[in-house]
$ cat upload.tsv   # TSV, C-alpha atoms
chain	number	residue	atom	x	y	z
A	1	MET	CA	-18.97	11.78	13.35
A	2	LEU	CA	-18.54	13.02	16.94
A	3	ALA	CA	-20.03	16.33	15.81
A	4	ALA	CA	-23.10	14.50	14.50
A	5	LEU	CA	-23.53	12.59	17.75
A	6	GLY	CA	-23.27	15.83	19.66
A	7	ARG	CA	-26.11	17.29	17.60
A	8	LEU	CA	-28.57	14.54	18.52
A	9	PRO	CA	-31.50	15.60	20.72
A	10	PHE	CA	-30.61	15.90	24.39
A	11	GLY	CA	-31.08	12.66	26.28
A	12	MET	CA	-31.08	10.42	23.20
A	13	LEU	CA	-27.74	8.97	24.32
A	14	PRO	CA	-27.14	8.26	28.03
A	15	ASP	CA	-23.48	9.27	27.86
A	16	ALA	CA	-21.34	11.36	25.56
A	17	PRO	CA	-19.59	9.00	23.09
A	18	THR	CA	-15.82	8.81	23.28
A	19	PRO	CA	-13.58	8.91	20.18
A	20	GLU	CA	-12.79	5.22	20.79
A	21	ALA	CA	-16.46	4.36	20.27
A	22	VAL	CA	-16.48	5.93	16.82
A	23	VAL	CA	-14.60	3.63	14.45
A	24	VAL	CA	-14.80	4.43	10.73
A	25	GLU	CA	-13.18	1.88	8.41
A	26	ARG	CA	-12.79	1.42	4.68
A	27	SER	CA	-15.53	-0.72	3.19
A	28	ARG	CA	-14.50	-4.08	1.82
A	29	ASP	CA	-17.18	-3.95	-0.87
A	30	ALA	CA	-17.54	-0.84	-3.05
A	31	GLN	CA	-21.31	-1.39	-3.10
A	32	HIS	CA	-21.27	-0.51	0.60
A	33	GLY	CA	-19.58	2.82	-0.01
A	34	ASP	CA	-16.02	3.95	0.59
A	35	PHE	CA	-16.15	3.97	4.40
A	36	ALA	CA	-18.47	2.47	7.00
A	37	THR	CA	-19.07	2.58	10.73
A	38	ASN	CA	-21.07	0.48	13.19
A	39	VAL	CA	-21.26	3.28	15.78
A	40	ALA	CA	-25.09	3.13	15.87
A	41	MET	CA	-24.94	-0.57	16.72
A	42	ARG	CA	-22.35	0.12	19.43
A	43	LEU	CA	-24.49	2.80	21.08
A	44	ALA	CA	-27.98	1.40	20.50
A	45	LYS	CA	-28.09	-0.96	23.48
A	46	ALA	CA	-27.15	1.67	26.06
A	47	ALA	CA	-29.54	4.14	24.41
A	48	ARG	CA	-32.30	1.51	24.25
A	49	ARG	CA	-32.84	2.31	20.61
A	50	ASP	CA	-33.25	0.33	17.42
A	51	PRO	CA	-29.76	0.42	15.78
A	52	ARG	CA	-31.04	1.15	12.29
A	53	GLU	CA	-33.29	3.97	13.47
A	54	LEU	CA	-30.41	5.42	15.46
A	55	ALA	CA	-28.19	5.17	12.37
A	56	GLN	CA	-30.73	7.16	10.35
A	57	GLU	CA	-30.90	9.85	13.04
A	58	ILE	CA	-27.10	10.09	13.14
A	59	ILE	CA	-27.06	10.51	9.36
A	60	ALA	CA	-29.65	13.29	9.59
A	61	ALA	CA	-27.41	15.07	12.14
A	62	LEU	CA	-24.22	14.87	10.04
A	63	PRO	CA	-22.84	18.31	9.15
A	64	ALA	CA	-22.47	19.15	5.46
A	65	ASN	CA	-19.18	17.93	3.99
A	66	PRO	CA	-18.19	18.59	0.36
A	67	LEU	CA	-16.07	15.43	0.34
A	68	ILE	CA	-19.03	13.15	1.13
A	69	GLU	CA	-21.61	12.54	-1.60
A	70	ARG	CA	-24.05	10.73	0.68
A	71	ALA	CA	-24.42	8.53	3.74
A	72	GLU	CA	-26.81	5.60	4.00
A	73	ALA	CA	-28.08	3.33	6.75
A	74	ALA	CA	-27.64	-0.33	5.88
A	75	GLY	CA	-28.22	-3.76	7.36
A	76	ALA	CA	-28.79	-3.89	11.08
A	77	GLY	CA	-27.48	-0.38	11.62
A	78	PHE	CA	-24.31	0.25	9.65
A	79	ILE	CA	-23.68	3.71	8.23
A	80	ASN	CA	-22.03	3.70	4.80
A	81	PHE	CA	-20.29	6.77	3.40
A	82	PHE	CA	-19.87	7.43	-0.32
A	83	LEU	CA	-17.17	9.94	-1.20
A	84	ALA	CA	-17.75	12.71	-3.69
A	85	ARG	CA	-15.66	12.69	-6.86
A	86	ASN	CA	-13.75	15.80	-5.81
A	87	ALA	CA	-12.48	13.90	-2.76
A	88	TYR	CA	-10.44	11.64	-5.02
A	89	ALA	CA	-9.48	14.58	-7.22
A	90	HIS	CA	-8.01	16.28	-4.16
A	91	GLU	CA	-5.98	13.19	-3.26
A	92	LEU	CA	-4.70	12.71	-6.80
A	93	SER	CA	-3.66	16.37	-6.89
A	94	ALA	CA	-1.73	15.80	-3.67
A	95	VAL	CA	0.17	12.91	-5.27
A	96	HIS	CA	1.25	15.10	-8.19
A	97	GLU	CA	2.09	18.04	-5.95
A	98	LEU	CA	4.07	16.13	-3.32
A	99	GLY	CA	5.68	13.50	-5.55
A	100	GLU	CA	8.14	11.40	-3.54
A	101	ARG	CA	6.93	13.07	-0.33
A	102	TYR	CA	3.35	11.84	-0.78
A	103	GLY	CA	2.28	9.61	2.09
A	104	ARG	CA	4.98	10.80	4.46
A	105	SER	CA	3.96	12.37	7.76
A	106	ASN	CA	5.23	13.78	11.03
A	107	LEU	CA	3.54	11.14	13.15
A	108	GLY	CA	6.82	10.31	14.91
A	109	ARG	CA	7.41	13.99	15.76
A	110	GLY	CA	11.16	13.57	15.62
A	111	GLU	CA	11.29	10.92	18.35
A	112	ARG	CA	14.60	9.07	18.20
A	113	VAL	CA	14.64	5.33	17.56
A	114	VAL	CA	17.53	2.95	17.05
A	115	VAL	CA	17.24	0.26	14.38
A	116	GLU	CA	19.81	-2.55	14.45
A	117	ILE	CA	20.64	-3.81	10.98
A	118	VAL	CA	22.57	-7.01	10.44
A	119	ALA	CA	25.44	-6.62	8.00
A	120	VAL	CA	25.61	-9.26	5.30
A	121	ASN	CA	28.18	-10.25	2.73
A	122	PRO	CA	27.52	-12.09	-0.53
A	123	THR	CA	28.24	-15.49	0.98
A	124	SER	CA	25.78	-15.00	3.83
A	125	THR	CA	22.79	-17.25	4.25
A	126	LEU	CA	19.38	-16.24	2.95
A	127	HIS	CA	18.28	-15.93	6.57
A	128	ARG	CA	20.75	-13.14	7.24
A	129	GLY	CA	19.77	-11.54	3.96
A	130	ARG	CA	16.18	-11.45	5.18
A	131	GLN	CA	17.24	-9.94	8.50
A	132	ALA	CA	19.11	-7.16	6.71
A	133	ALA	CA	16.23	-6.44	4.32
A	134	TYR	CA	13.82	-6.26	7.24
A	135	GLY	CA	16.04	-3.90	9.22
A	136	VAL	CA	16.56	-1.51	6.31
A	137	ALA	CA	12.85	-1.47	5.46
A	138	VAL	CA	11.79	-0.78	9.06
A	139	ALA	CA	14.32	2.06	9.29
A	140	ASN	CA	13.02	3.59	6.04
A	141	LEU	CA	9.39	3.28	7.12
A	142	LEU	CA	9.94	4.88	10.52
A	143	SER	CA	11.88	7.72	8.92
A	144	ALA	CA	9.03	8.25	6.44
A	145	ILE	CA	6.55	8.96	9.24
A	146	GLY	CA	8.74	11.41	11.06
A	147	PHE	CA	10.96	9.44	13.45
A	148	GLU	CA	14.64	10.29	13.77
A	149	VAL	CA	16.19	6.95	12.93
A	150	LEU	CA	19.67	5.93	14.04
A	151	ARG	CA	20.86	2.94	12.04
A	152	GLU	CA	23.36	0.71	13.77
A	153	GLU	CA	24.95	-2.01	11.69
A	154	TYR	CA	26.33	-5.12	13.34
A	155	ALA	CA	28.89	-7.46	11.92
A	156	GLU	CA	27.96	-10.97	10.94
A	157	THR	CA	28.94	-12.85	14.07
A	158	ASP	CA	27.06	-15.35	16.15
A	159	ASP	CA	27.05	-13.11	19.22
A	160	CYS	CA	26.01	-9.87	17.51
A	161	LEU	CA	22.82	-8.03	18.37
A	162	GLU	CA	20.44	-8.70	15.52
A	163	PHE	CA	16.82	-9.22	14.63
A	164	HIS	CA	16.58	-12.62	16.28
A	165	PHE	CA	12.80	-12.45	16.04
A	166	VAL	CA	12.98	-12.63	12.23
A	167	GLN	CA	12.11	-16.21	11.43
A	168	SER	CA	14.25	-18.39	9.21
A	169	VAL	CA	14.06	-18.78	5.44
A	170	ASN	CA	13.14	-22.19	4.02
A	171	LEU	CA	14.55	-22.88	0.59
A	172	CYS	CA	12.17	-24.24	-2.05
A	173	ARG	CA	12.47	-25.18	-5.67
A	174	GLY	CA	9.36	-25.28	-7.82
A	175	GLY	CA	7.12	-25.17	-4.76
A	176	GLU	CA	8.86	-28.09	-3.04
A	177	ARG	CA	10.80	-27.36	0.13
A	178	LEU	CA	14.40	-28.53	0.15
A	179	ALA	CA	15.00	-30.69	3.19
A	180	ALA	CA	17.76	-29.69	5.60
A	181	GLY	CA	20.92	-31.67	5.10
A	182	THR	CA	20.38	-32.29	1.38
A	183	ARG	CA	23.30	-31.86	-0.93
A	184	GLU	CA	21.75	-28.81	-2.65
A	185	MET	CA	20.72	-26.78	0.34
A	186	PRO	CA	24.07	-25.75	1.86
A	187	SER	CA	25.48	-24.95	-1.58
A	188	VAL	CA	23.04	-22.09	-2.18
A	189	THR	CA	24.49	-18.76	-1.01
A	190	LEU	CA	23.02	-15.29	-1.00
A	191	GLN	CA	25.48	-14.33	-3.74
A	192	GLN	CA	24.19	-17.07	-6.05
A	193	VAL	CA	20.56	-16.11	-5.54
A	194	ARG	CA	21.32	-12.41	-6.02
A	195	GLN	CA	23.18	-13.16	-9.24
A	196	GLU	CA	20.31	-15.24	-10.65
A	197	ALA	CA	17.30	-13.33	-9.32
A	198	GLY	CA	18.64	-9.86	-8.60
A	199	ASP	CA	18.68	-7.80	-5.41
A	200	ASP	CA	15.22	-6.33	-6.01
A	201	VAL	CA	13.50	-9.71	-6.18
A	202	CYS	CA	15.35	-10.97	-3.11
A	203	ARG	CA	14.36	-7.94	-1.02
A	204	PHE	CA	10.74	-8.00	-2.16
A	205	LEU	CA	10.31	-11.72	-1.50
A	206	TYR	CA	12.04	-11.43	1.90
A	207	LEU	CA	9.47	-8.82	2.95
A	208	MET	CA	6.32	-10.63	1.83
A	209	ARG	CA	5.74	-12.30	5.18
A	210	GLY	CA	5.70	-10.96	8.71
A	211	PRO	CA	8.95	-11.32	10.69
A	212	ASP	CA	7.31	-13.78	13.07
A	213	GLN	CA	6.54	-16.17	10.21
A	214	PRO	CA	9.01	-18.44	8.42
A	215	LEU	CA	9.45	-17.64	4.74
A	216	ASP	CA	9.48	-20.17	1.92
A	217	PHE	CA	11.93	-18.75	-0.64
A	218	ASP	CA	11.32	-20.43	-4.00
A	219	LEU	CA	14.51	-20.37	-6.04
A	220	GLU	CA	12.69	-21.01	-9.33
A	221	LEU	CA	10.00	-18.40	-8.69
A	222	ALA	CA	12.66	-15.82	-7.80
A	223	LYS	CA	14.26	-16.21	-11.23
A	224	VAL	CA	11.17	-16.19	-13.43
A	225	ARG	CA	10.24	-12.96	-15.21
A	226	SER	CA	6.47	-13.30	-15.29
A	227	ASN	CA	3.41	-12.24	-13.35
A	228	ASP	CA	3.82	-15.33	-11.17
A	229	ASN	CA	6.76	-13.55	-9.55
A	230	PRO	CA	5.27	-10.95	-7.12
A	231	ALA	CA	8.31	-8.67	-7.39
A	232	TYR	CA	8.26	-8.70	-11.19
A	233	PHE	CA	4.47	-8.22	-11.21
A	234	THR	CA	4.73	-5.11	-9.04
A	235	GLN	CA	7.70	-3.56	-10.83
A	236	TYR	CA	6.14	-4.26	-14.22
A	237	ALA	CA	3.10	-2.17	-13.26
A	238	HIS	CA	5.44	0.80	-12.80
A	239	ALA	CA	7.12	0.12	-16.13
A	240	ARG	CA	3.79	-0.15	-17.99
A	241	VAL	CA	3.01	3.47	-17.15
A	242	ALA	CA	6.38	4.53	-18.52
A	243	SER	CA	5.52	2.62	-21.70
A	244	VAL	CA	2.26	4.55	-22.09
A	245	MET	CA	4.07	7.86	-21.72
A	246	LYS	CA	6.64	6.77	-24.29
A	247	GLU	CA	3.82	6.00	-26.72
A	248	LEU	CA	2.35	9.45	-26.03
A	249	ARG	CA	5.63	11.08	-27.06
A	250	THR	CA	5.84	8.86	-30.13
A	251	ARG	CA	2.48	10.25	-31.23
A	252	GLU	CA	3.86	13.76	-30.64
A	253	LEU	CA	1.33	14.50	-27.93
A	254	ARG	CA	1.99	16.08	-24.54
A	255	PHE	CA	0.58	15.48	-21.11
A	256	ASP	CA	-1.16	18.45	-19.51
A	257	CYS	CA	-1.23	17.71	-15.79
A	258	ALA	CA	-3.30	20.75	-14.85
A	259	GLU	CA	-5.98	19.86	-17.40
A	260	GLY	CA	-5.98	16.24	-16.28
A	261	LEU	CA	-6.43	17.11	-12.60
A	262	ALA	CA	-9.18	19.58	-13.49
A	263	HIS	CA	-11.17	16.82	-15.19
A	264	VAL	CA	-10.82	13.90	-12.78
A	265	GLY	CA	-14.62	13.96	-12.70
A	266	LEU	CA	-14.54	12.31	-16.13
A	267	LEU	CA	-13.08	9.16	-14.55
A	268	THR	CA	-16.34	7.36	-13.85
A	269	SER	CA	-15.73	3.71	-14.72
A	270	GLY	CA	-15.54	1.05	-12.05
A	271	HIS	CA	-11.86	0.47	-12.84
A	272	GLU	CA	-11.11	4.16	-12.45
A	273	ARG	CA	-12.95	4.50	-9.16
A	274	ALA	CA	-11.15	1.42	-7.86
A	275	ALA	CA	-7.81	2.88	-8.93
A	276	LEU	CA	-8.53	6.22	-7.25
A	277	SER	CA	-9.62	4.47	-4.07
A	278	SER	CA	-6.54	2.22	-4.00
A	279	LEU	CA	-4.21	5.16	-4.55
A	280	ALA	CA	-5.76	7.10	-1.66
A	281	ARG	CA	-5.05	4.21	0.74
A	282	TYR	CA	-1.28	4.64	0.51
A	283	PRO	CA	-0.79	7.01	3.48
A	284	GLU	CA	-2.76	4.60	5.69
A	285	ALA	CA	-0.79	1.60	4.43
A	286	LEU	CA	2.51	3.39	5.05
A	287	GLU	CA	1.52	4.45	8.55
A	288	LEU	CA	0.35	0.93	9.43
A	289	ALA	CA	3.51	-0.71	8.09
A	290	ALA	CA	5.70	1.74	10.02
A	291	THR	CA	3.91	1.76	13.37
A	292	GLN	CA	3.51	-2.04	13.38
A	293	ARG	CA	7.11	-2.60	12.17
A	294	ALA	CA	5.48	-4.61	9.38
A	295	PRO	CA	7.04	-4.06	5.95
A	296	HIS	CA	4.96	-6.98	4.65
A	297	ALA	CA	1.83	-4.81	5.06
A	298	LEU	CA	3.28	-2.31	2.57
A	299	THR	CA	4.40	-5.14	0.28
A	300	GLN	CA	0.84	-6.49	0.19
A	301	TYR	CA	-0.57	-3.04	-0.49
A	302	LEU	CA	1.82	-2.52	-3.40
A	303	ARG	CA	0.89	-5.90	-4.89
A	304	ASP	CA	-2.79	-4.97	-4.67
A	305	LEU	CA	-2.12	-1.56	-6.18
A	306	ALA	CA	-0.14	-3.14	-9.01
A	307	ASN	CA	-3.02	-5.52	-9.68
A	308	THR	CA	-5.42	-2.57	-9.79
A	309	LEU	CA	-3.15	-0.76	-12.24
A	310	HIS	CA	-2.75	-3.80	-14.49
A	311	THR	CA	-6.53	-4.32	-14.52
A	312	TYR	CA	-7.13	-0.66	-15.37
A	313	HIS	CA	-4.47	-0.74	-18.09
A	314	ASN	CA	-6.05	-3.80	-19.69
A	315	ALA	CA	-9.56	-2.34	-19.57
A	316	GLU	CA	-9.11	1.18	-20.94
A	317	GLN	CA	-7.46	3.14	-23.73
A	318	PHE	CA	-5.40	6.05	-22.49
A	319	ILE	CA	-4.22	7.90	-25.57
A	320	VAL	CA	-7.70	8.87	-26.78
A	321	SER	CA	-8.72	11.78	-28.99
A	322	ASP	CA	-10.57	13.64	-26.22
A	323	ALA	CA	-7.75	15.69	-24.66
A	324	LYS	CA	-9.55	16.24	-21.35
A	325	LEU	CA	-10.27	12.55	-20.85
A	326	ARG	CA	-6.79	11.59	-22.08
A	327	ASN	CA	-5.07	13.90	-19.62
A	328	ALA	CA	-7.34	12.81	-16.75
A	329	ARG	CA	-6.54	9.15	-17.36
A	330	LEU	CA	-2.84	9.88	-17.70
A	331	ALA	CA	-2.91	11.90	-14.48
A	332	LEU	CA	-4.37	8.86	-12.71
A	333	LEU	CA	-1.85	6.49	-14.28
A	334	LEU	CA	1.07	8.69	-13.31
A	335	GLY	CA	-0.35	9.03	-9.80
A	336	LEU	CA	-0.48	5.26	-9.46
A	337	GLN	CA	3.07	5.03	-10.76
A	338	GLN	CA	4.27	7.62	-8.25
A	339	VAL	CA	2.75	5.75	-5.33
A	340	LEU	CA	4.27	2.48	-6.52
A	341	ARG	CA	7.66	4.18	-6.79
A	342	ASN	CA	7.36	5.72	-3.33
A	343	GLY	CA	6.49	2.39	-1.72
A	344	LEU	CA	9.10	0.35	-3.57
A	345	THR	CA	11.79	2.85	-2.64
A	346	LEU	CA	10.98	2.49	1.06
A	347	LEU	CA	11.34	-1.28	0.72
A	348	GLY	CA	14.74	-0.86	-0.93
A	349	VAL	CA	13.43	-2.03	-4.31
A	350	SER	CA	13.95	-0.15	-7.56
A	351	ALA	CA	11.13	1.13	-9.78
A	352	PRO	CA	12.30	0.44	-13.36
A	353	GLU	CA	11.05	2.29	-16.45
A	354	THR	CA	11.46	-0.79	-18.63
A	355	MET	CA	11.30	-4.50	-17.90
$ encode --input "upload.tsv" --output "structure tokens"
Amino acid sequence: MLAALGRLPFGMLPDAPTPEAVVVERSRDAQHGDFATNVAMRLAKAARRDPRELAQEIIAALPANPLIERAEAAGAGFINFFLARNAYAHELSAVHELGERYGRSNLGRGERVVVEIVAVNPTSTLHRGRQAAYGVAVANLLSAIGFEVLREEYAETDDCLEFHFVQSVNLCRGGERLAAGTREMPSVTLQQVRQEAGDDVCRFLYLMRGPDQPLDFDLELAKVRSNDNPAYFTQYAHARVASVMKELRTRELRFDCAEGLAHVGLLTSGHERAALSSLARYPEALELAATQRAPHALTQYLRDLANTLHTYHNAEQFIVSDAKLRNARLALLLGLQQVLRNGLTLLGVSAPETM
């Protein structure tokens, strides 16, 4: 984008734009492309130009890019970018090539950070359980983007250094908060909840809200094995892909990854484009969650990705007679599964093959 601005006729802009003035974001609506920028609107006033006309001139000055299918001026002066199909093919290939390393980066450049993690025992309160889950997740996220993380565990004492900024956990049952001082509330220990709901559900639910927000932990929701349970819903998406691959083997067919990646261009449905777009957002989601010390941002991304996968699974057949299309769809499914597994692992949650 800066290159395009630099190619505008001399004097069209009063000052050379800074990188901070050029903000390109993902579009919220697929009809508006994959990415968008309001740079023309930001610069139009100083340039004494009509924003939409300036947007069109910026588009005309854009250098050729094989990853961009087209750019369009829209509204009062937005510029919308539509990615070419091979852009998503490249990203999906990266998922298969890098596997568990996909999304990781060297953003931290080896800088050393210390993360204090509160030690918990089975009879701890849910609040301390949330503190521990938060500390472990933050340590994993920072390590994933290249920081050298030193984990220091503190004993469960009142005067220990801990994540005091992690807000408390409010117990609920069936959507109704249990009032402090009731007979039921002090009798619920972390051990009991872990036995009934499992460690995975506890960790996932702990990390669904930001640390500066209190968390309502619903005891009934934590135990239910249905799509109403966000942890189950996300893990089940991973397991559904494993089920498809099991069916493939049952039919004595094999998955050809190279053929699938070579024919990603066959994935043209709205569900497939949405799935490819969601998958490609993972490195951004990981970086945001790590730099903001916000595991809940990754949790929300994984829930959205799981929803995209479930929707895609319900809309399409995967084991079709056309081998090229079959392998392309399976390559996408397995890519989505890999990203889910990578994210869940960083949160300390398992990625089961069966549910």
$ residues_near_point --input "upload.tsv" --point "(-14.9, -2.2, -13.1)" --cutoff "12 Å" --atoms "only C-alpha atoms" --output "list in words"
Ala30, Gln31, Leu267, Thr268, Ser269, Gly270, His271, Glu272, Arg273, Ala274, Ala275, Thr308, Leu309, Thr311, Tyr312, His313, Asn314, Ala315 and Glu316 of chain A
$ residues_around --input "upload.tsv" --residues "region 219-221 of chain A" --least-positions-apart "5" --cutoff "6 Å" --atoms "all atoms listed in the file" --output "number ranges by chain"
A: 173-174, 229
$ axis_aligned_box --input "upload.tsv" --around "region 68-75 of chain A" --padding-each-side "5 Å" --output "JSON"
{"center_x": -23.6, "center_y": 4.7, "center_z": 2.9, "size_x": 19.2, "size_y": 26.9, "size_z": 19.0}
$ residues_around --input "upload.tsv" --residues "region 284-294 of chain A" --least-positions-apart "6" --cutoff "9 Å" --atoms "only C-alpha atoms" --output "list in words"
Gly103, Arg104, Ser105, Leu107, Tyr134, Ala137, Val138, Ala139, Asn140, Leu141, Leu142, Ser143, Ala144, Ile145, Leu207, Arg209, Gly210, Pro211, Tyr301 and Gly343 of chain A
$ residues_around --input "upload.tsv" --residues "Glu100 (chain A)" --least-positions-apart "5" --cutoff "9 Å" --atoms "only C-alpha atoms" --output "PyMOL selection string"
chain A and resi 95+338-339+341-342
$ closest_residue --input "upload.tsv" --among "A:Gly260, A:Gly146, A:Pro63, A:Gly129" --to "Leu334 (chain A)" --atoms "all atoms listed in the file"
A:Gly260
$ residues_near_point --input "upload.tsv" --point "(18.5, -4.9, 10.4)" --cutoff "9 Å" --atoms "all atoms listed in the file" --output "list in words"
Val115, Glu116, Ile117, Val118, Ala119, Arg130, Gln131, Ala132, Ala133, Tyr134, Gly135, Val136, Ala137, Val138, Ala139, Arg151, Glu152, Glu153, Tyr154, Glu162 and Phe163 of chain A
$ closest_residue --input "upload.tsv" --among "A:Arg128, A:Arg52, A:Lys45, A:His263" --to "Ala89 (chain A)" --atoms "all atoms listed in the file"
A:His263
$ atom_distance --input "upload.tsv" --atom1 "CA of Ala231 (chain A)" --atom2 "CA of Ala297 (chain A)"
14.6 Å
$ closest_residue --input "upload.tsv" --among "A:Ala280, A:Pro295, A:Phe255, A:Ala55" --to "Ala323 (chain A)" --atoms "only C-alpha atoms"
A:Phe255
$ closest_residue --input "upload.tsv" --among "A:Leu347, A:Ala44, A:Leu340, A:Leu261" --to "Met208 (chain A)" --atoms "all atoms listed in the file"
A:Leu347
$ residues_around --input "upload.tsv" --residues "Leu325 (chain A)" --least-positions-apart "2" --cutoff "9 Å" --atoms "only C-alpha atoms" --output "list in words"
Gly260, His263, Val264, Leu266, Leu267, Phe318, Ile319, Val320, Ser321, Asp322, Ala323, Asn327, Ala328, Arg329 and Leu330 of chain A
$ write_last_selection --input "upload.tsv" --atoms "C-alpha atoms" --output "short mmCIF file (atom, residue, chain, number, x, y, z; two decimals), keeping the file's coordinate frame"
data_model
loop_
_atom_site.label_atom_id
_atom_site.label_comp_id
_atom_site.auth_asym_id
_atom_site.auth_seq_id
_atom_site.Cartn_x
_atom_site.Cartn_y
_atom_site.Cartn_z
CA GLY A 260 -5.98 16.24 -16.28
CA HIS A 263 -11.17 16.82 -15.19
CA VAL A 264 -10.82 13.90 -12.78
CA LEU A 266 -14.54 12.31 -16.13
CA LEU A 267 -13.08 9.16 -14.55
CA PHE A 318 -5.40 6.05 -22.49
CA ILE A 319 -4.22 7.90 -25.57
CA VAL A 320 -7.70 8.87 -26.78
CA SER A 321 -8.72 11.78 -28.99
CA ASP A 322 -10.57 13.64 -26.22
CA ALA A 323 -7.75 15.69 -24.66
CA ASN A 327 -5.07 13.90 -19.62
CA ALA A 328 -7.34 12.81 -16.75
CA ARG A 329 -6.54 9.15 -17.36
CA LEU A 330 -2.84 9.88 -17.70
#
$ residues_around --input "upload.tsv" --residues "Ala87 (chain A)" --least-positions-apart "3" --cutoff "9 Å" --atoms "all atoms listed in the file" --output "PyMOL selection string"
chain A and resi 66-68+83-84+90-92
$ atom_distance --input "upload.tsv" --atom1 "CA of Asp256 (chain A)" --atom2 "CA of Val244 (chain A)"
14.5 Å
$ atom_distance --input "upload.tsv" --atom1 "CA of Thr250 (chain A)" --atom2 "CA of Gln317 (chain A)"
15.8 Å
$ closest_residue --input "upload.tsv" --among "A:Ile58, A:Thr299, A:Glu148, A:Leu215" --to "Cys172 (chain A)" --atoms "all atoms listed in the file"
A:Leu215
$ closest_residue --input "upload.tsv" --among "A:Arg281, A:Phe204, A:Ala222, A:Asp228" --to "Leu346 (chain A)" --atoms "all atoms listed in the file"
A:Phe204
